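Below: one structure, written as structure tokens.
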Amino acid sequence: MKLKSLLLRYYPPGIMLEYETNGVLKTKSIDLLELDPSTDVDALVEEIQKAEPLITASRTEQVRLLVQRLQAKLGQNGSHVFYLFKVLRAHILPLTNVALNKSGTCFITGSYDRTCKVWDTRSGEELRTLEGHGNVVYAIAFNNPYGDKIATGSFDKTCKLWNTETGKCYHTFRGHTAEIVCLSFNPQSTLVATGSVDTTAKLWDIKSGEEVFTLMGHLAEIISLAFDTSGNRIITGSFDHTVIVWDTSTARKVHTLIGHCAEISSSVFNWDCSLILTGSMDKTCMLWDATNGKCVATLTGHDDEILDSCFDYAGKLFATASADGTARVYNTATRKCISKLEGHEGEISKISFNPQGNRLLTGSSDKTARIWDAHTGECLQILAGHMDEIFSCAFNYKGDIVITGSKDNTCRIWC
């Protein structure tokens with residue numbers, strides 16, 4: 001094996017190694033999830049060299065500089081103040097979802113008008129319209145971190161794969177017998193997974209356009225799915241109250257997570273794939289050991305359904321958003337609630353951390369999005385102006401741009 005290059009990954013902090021083995025270029029990552037501004041850099045570099053044979057003595061200084069750059073980035077507190085930049089009347093019929101590419105240079109919107117539109121974030125200009133679906137375009141995604149492809153899932157029971165730059169449709173994936181309501185690319189951008197009301201998920205080969213596997217086992221519609229960071233496993237959350245962990249190379253069920261007593265609303269892995277977080281209409285969220293499928297914590301306290309949940313980039317914190325109009329932040333290690341986000345006057349349907357992990361973004365039926373201090377629960381900013389409920393909102397990778405999508409048929413860019 002020969003090391004070719006070292007690359008920085010800011011969120012979560014880590015170093016990417018590009019290396020060659022038997023003439024094939026491969027990558028692996030050194031995760032530095034515990035890195036903070038007070039970490040002893042020399043001791044950490046020594047630890048890295050002991051654990052990773054590719055990091056030889058000749059690379060010591062380069063690794064030290066990379067770690068110092070990561071430390072400097074972590075020292076920036078992410079206390080950005082957002083101002084309204086553009087209001088986009090995106091579609092003639094209601095929006096369904098918005099999604100950003102990793103760099104934040106462009107974003108996409110799905111709509112009841114059967115199209116997906118690609119937008120330039122900085123100018124607010126429409127770059128292209130992706131047309132071809134015969135019904136609502138509901139689930140949309142970029143193949144981040146690359147961003148050169150877009151997947152759209154529709155109520156017409158198909159998923160389409162598009163070229164971001166040209167708008168060309170590469171493939172139409174056919175096989176589901178009911179609406180597609182969720183989808184995701186694997187991290188390697190070789191597969192697209194789709195989840196459907198027909199109770200199945202399917203894995204599709206991006207290159208050939210062929211179906212690879214059908215994941216059968218749920219008794220009701222699948223409404224959430226997510227790959228782990230290795231791409232070796234995928235989880236599907238269903239209205240049958242369960243989440244199933246699948247092996248993506250064999251379509252074998254690895255674990256079935258049984259414990260919720262109502263529909264699943266969200267399911268996600270933490271970064272190192274050791275934990276799975278599930279949210280449910282039963283007003284609880286549960287933490288599961290991803291290696292054995294056992295529940296390690298049930299978090300109660302919300303007075304109504306949990307509509308969304310998420311980990312921060314490093315997996316040190318997780319958060320829940322509820323129809324009771326509040327959100328909660330928990331310490332992953334202690335399972336204790338460290339802050340309650342109170343102030344919205346309607347249900348919170350979306351929640352996400354900024355990349356730095358110190359801010360949270362929430363979107364609500366009260367027509368506002370809010371920025372919160374993750375550790376204190378203080379509301380730092382109210383993003384007001386939409387005329388109807390906000391159903392989708394997201395930070396870009398740097399955490400200095402927010403996109404909000406509303407039932408008022410507009411998207412707003414805040415930066």
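Order determines the names: the first chain of the structure tokens is A, the second B, and so forth; residues in each chain are numbered 1 upward, and ligands are numbered 1 upward as they are shown.
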
Surrounding residues of stretch 340-348 of chain A excluding itself and chain neighbours under 3 positions, 12 Å, only C-alpha atoms, as number ranges by chain: A: 301-309, 319-330, 336-337, 351-352, 359-384, 388-393

Report as a PyMOL selection string all protein, DNA and RNA residues lying within 8 Å of stretch 40-45 of chain A, evaluated on only C-alpha atoms, omitting residues in the same chain fewer than 3 positions from it. chain A and resi 48-49+60+63-64+67-68

Emit the selected residues as a compact mmCIF listing (two decimals), in the first residue's frame, including N, CA and C atoms.
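What landed in out23.txt:
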# COMPACT_ATOMS: atom_id res chain seq x y z
N ILE A 48 -1.84 8.65 16.30
CA ILE A 48 -2.27 8.38 14.91
C ILE A 48 -1.23 7.51 14.20
N GLN A 49 0.05 7.85 14.37
CA GLN A 49 1.12 7.10 13.70
C GLN A 49 1.20 5.65 14.19
N THR A 60 4.93 13.15 9.46
CA THR A 60 4.62 13.66 10.80
C THR A 60 4.25 15.13 10.79
N VAL A 63 0.87 15.87 9.10
CA VAL A 63 -0.28 15.48 9.95
C VAL A 63 -0.46 16.48 11.08
N ARG A 64 0.67 16.93 11.67
CA ARG A 64 0.58 17.92 12.75
C ARG A 64 -0.10 19.20 12.26
N VAL A 67 -3.88 18.62 11.81
CA VAL A 67 -4.58 18.59 13.10
C VAL A 67 -4.73 20.01 13.65
N GLN A 68 -3.68 20.81 13.50
CA GLN A 68 -3.75 22.21 13.98
C GLN A 68 -4.80 23.01 13.22

With 12 Å as the cut-off and only C-alpha atoms counted, what is the closest atom pair between each nearby residue of stretch 198-290 of chain A and stretch 20-35 of chain A? Distances in Å to one decimal, ordered by chain and number, as CSV.
residue,atom,partner,partner_atom,distance
A:Thr229,CA,A:Ser29,CA,10.8
A:Ser230,CA,A:Lys28,CA,10.0
A:Asn270,CA,A:Leu33,CA,11.5
A:Trp271,CA,A:Leu33,CA,9.1
A:Asp272,CA,A:Asp31,CA,8.5

Out of stretch 37-218 of chain A, which residues get strand (DSSP E or B) from DSSP, as a VMD selection string? chain A and resid 84 to 89 95 to 100 106 to 111 116 to 120 126 to 130 137 to 142 149 to 154 159 to 163 169 to 173 180 to 185 191 to 196 201 to 205 211 to 215

Each stretch 128-205 of chain A residue no farther than 8 Å from stretch 78-100 of chain A, nearest pair in Å, only C-alpha atoms, as a Markdown table:
| residue | atom | partner | partner_atom | distance |
| --- | --- | --- | --- | --- |
| A:Val137 | CA | A:Thr96 | CA | 7.3 |
| A:Tyr138 | CA | A:Thr96 | CA | 5.5 |
| A:Ala139 | CA | A:Asn97 | CA | 6.8 |
| A:Ile140 | CA | A:Asn97 | CA | 6.9 |
| A:Ala141 | CA | A:Ala99 | CA | 6.1 |
| A:Phe142 | CA | A:Ala99 | CA | 7.3 |

Would you write out those residues with all heavy atoms, as a tab-separated table (two decimals), in the first residue's frame?
chain	number	residue	atom	x	y	z
A	137	VAL	N	-43.39	15.13	-7.03
A	137	VAL	CA	-41.99	14.82	-6.72
A	137	VAL	C	-41.82	15.07	-5.22
A	137	VAL	O	-41.86	16.21	-4.77
A	137	VAL	CB	-41.02	15.68	-7.54
A	137	VAL	CG1	-39.58	15.44	-7.07
A	137	VAL	CG2	-41.15	15.36	-9.02
A	138	TYR	N	-41.66	13.98	-4.47
A	138	TYR	CA	-41.74	14.10	-3.01
A	138	TYR	C	-40.38	14.01	-2.32
A	138	TYR	O	-40.06	14.81	-1.46
A	138	TYR	CB	-42.65	13.01	-2.47
A	138	TYR	CG	-42.98	13.19	-1.00
A	138	TYR	CD1	-43.90	14.15	-0.60
A	138	TYR	CD2	-42.35	12.42	-0.02
A	138	TYR	CE1	-44.20	14.34	0.74
A	138	TYR	CE2	-42.64	12.60	1.32
A	138	TYR	CZ	-43.57	13.56	1.70
A	138	TYR	OH	-43.85	13.75	3.03
A	139	ALA	N	-39.57	13.01	-2.70
A	139	ALA	CA	-38.27	12.81	-2.05
A	139	ALA	C	-37.16	13.21	-3.01
A	139	ALA	O	-37.18	12.84	-4.19
A	139	ALA	CB	-38.11	11.34	-1.66
A	140	ILE	N	-36.20	14.01	-2.52
A	140	ILE	CA	-35.13	14.51	-3.39
A	140	ILE	C	-33.80	14.48	-2.64
A	140	ILE	O	-33.77	14.61	-1.42
A	140	ILE	CB	-35.40	15.96	-3.87
A	140	ILE	CG1	-35.65	16.90	-2.68
A	140	ILE	CG2	-36.58	15.99	-4.84
A	140	ILE	CD1	-35.82	18.37	-3.06
A	141	ALA	N	-32.70	14.28	-3.37
A	141	ALA	CA	-31.38	14.25	-2.73
A	141	ALA	C	-30.28	14.45	-3.75
A	141	ALA	O	-30.40	14.02	-4.90
A	141	ALA	CB	-31.16	12.93	-2.00
A	142	PHE	N	-29.19	15.11	-3.31
A	142	PHE	CA	-27.92	15.12	-4.04
A	142	PHE	C	-27.10	13.91	-3.60
A	142	PHE	O	-27.26	13.42	-2.48
A	142	PHE	CB	-27.11	16.37	-3.70
A	142	PHE	CG	-27.55	17.62	-4.39
A	142	PHE	CD1	-28.33	18.55	-3.71
A	142	PHE	CD2	-27.17	17.91	-5.69
A	142	PHE	CE1	-28.72	19.73	-4.32
A	142	PHE	CE2	-27.55	19.08	-6.31
A	142	PHE	CZ	-28.33	20.00	-5.63

Contact residues around A:Tyr10 with only C-alpha atoms at 8 Å, ignoring same-chain residues under 4 positions, as a VMD selection string: chain A and resid 14 70 73

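Atom pair atom CA of A:Gly134 / atom CA of A:Ile108 has a distance of 18.4 Å (rounded to one decimal).
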
Excluding stretch 249-253 of chain A and its own-chain neighbours fewer than 2 positions away, which residues fall within 9 Å of it when counting only C-alpha atoms? Please give them as a ChimeraX atom specification. /A:203,213-217,232-233,244-247,255-256

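Of the residues listed (A:Asn396, A:Thr410, A:Ser58, A:Ser38), A:Ser38 shows the shortest atom-to-atom separation from A:Gly75; distances use only C-alpha atoms.
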
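Across the structure, atom CA of A:Gly175 and atom CA of A:Gly110 are spaced 21.2 Å apart.
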
Using only C-alpha atoms, determine which residues lie at most 7 Å from A:Glu221, disregarding the query and same-chain residues fewer than 5 positions distant; provide the list as a count of residues only. 6

Distance criterion (only C-alpha atoms): nearest to A:Cys273 out of A:Ser406, A:Asn292, A:Asn354, A:Ser224: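 Answer, going by the shortest atom-to-atom distance: A:Asn292.
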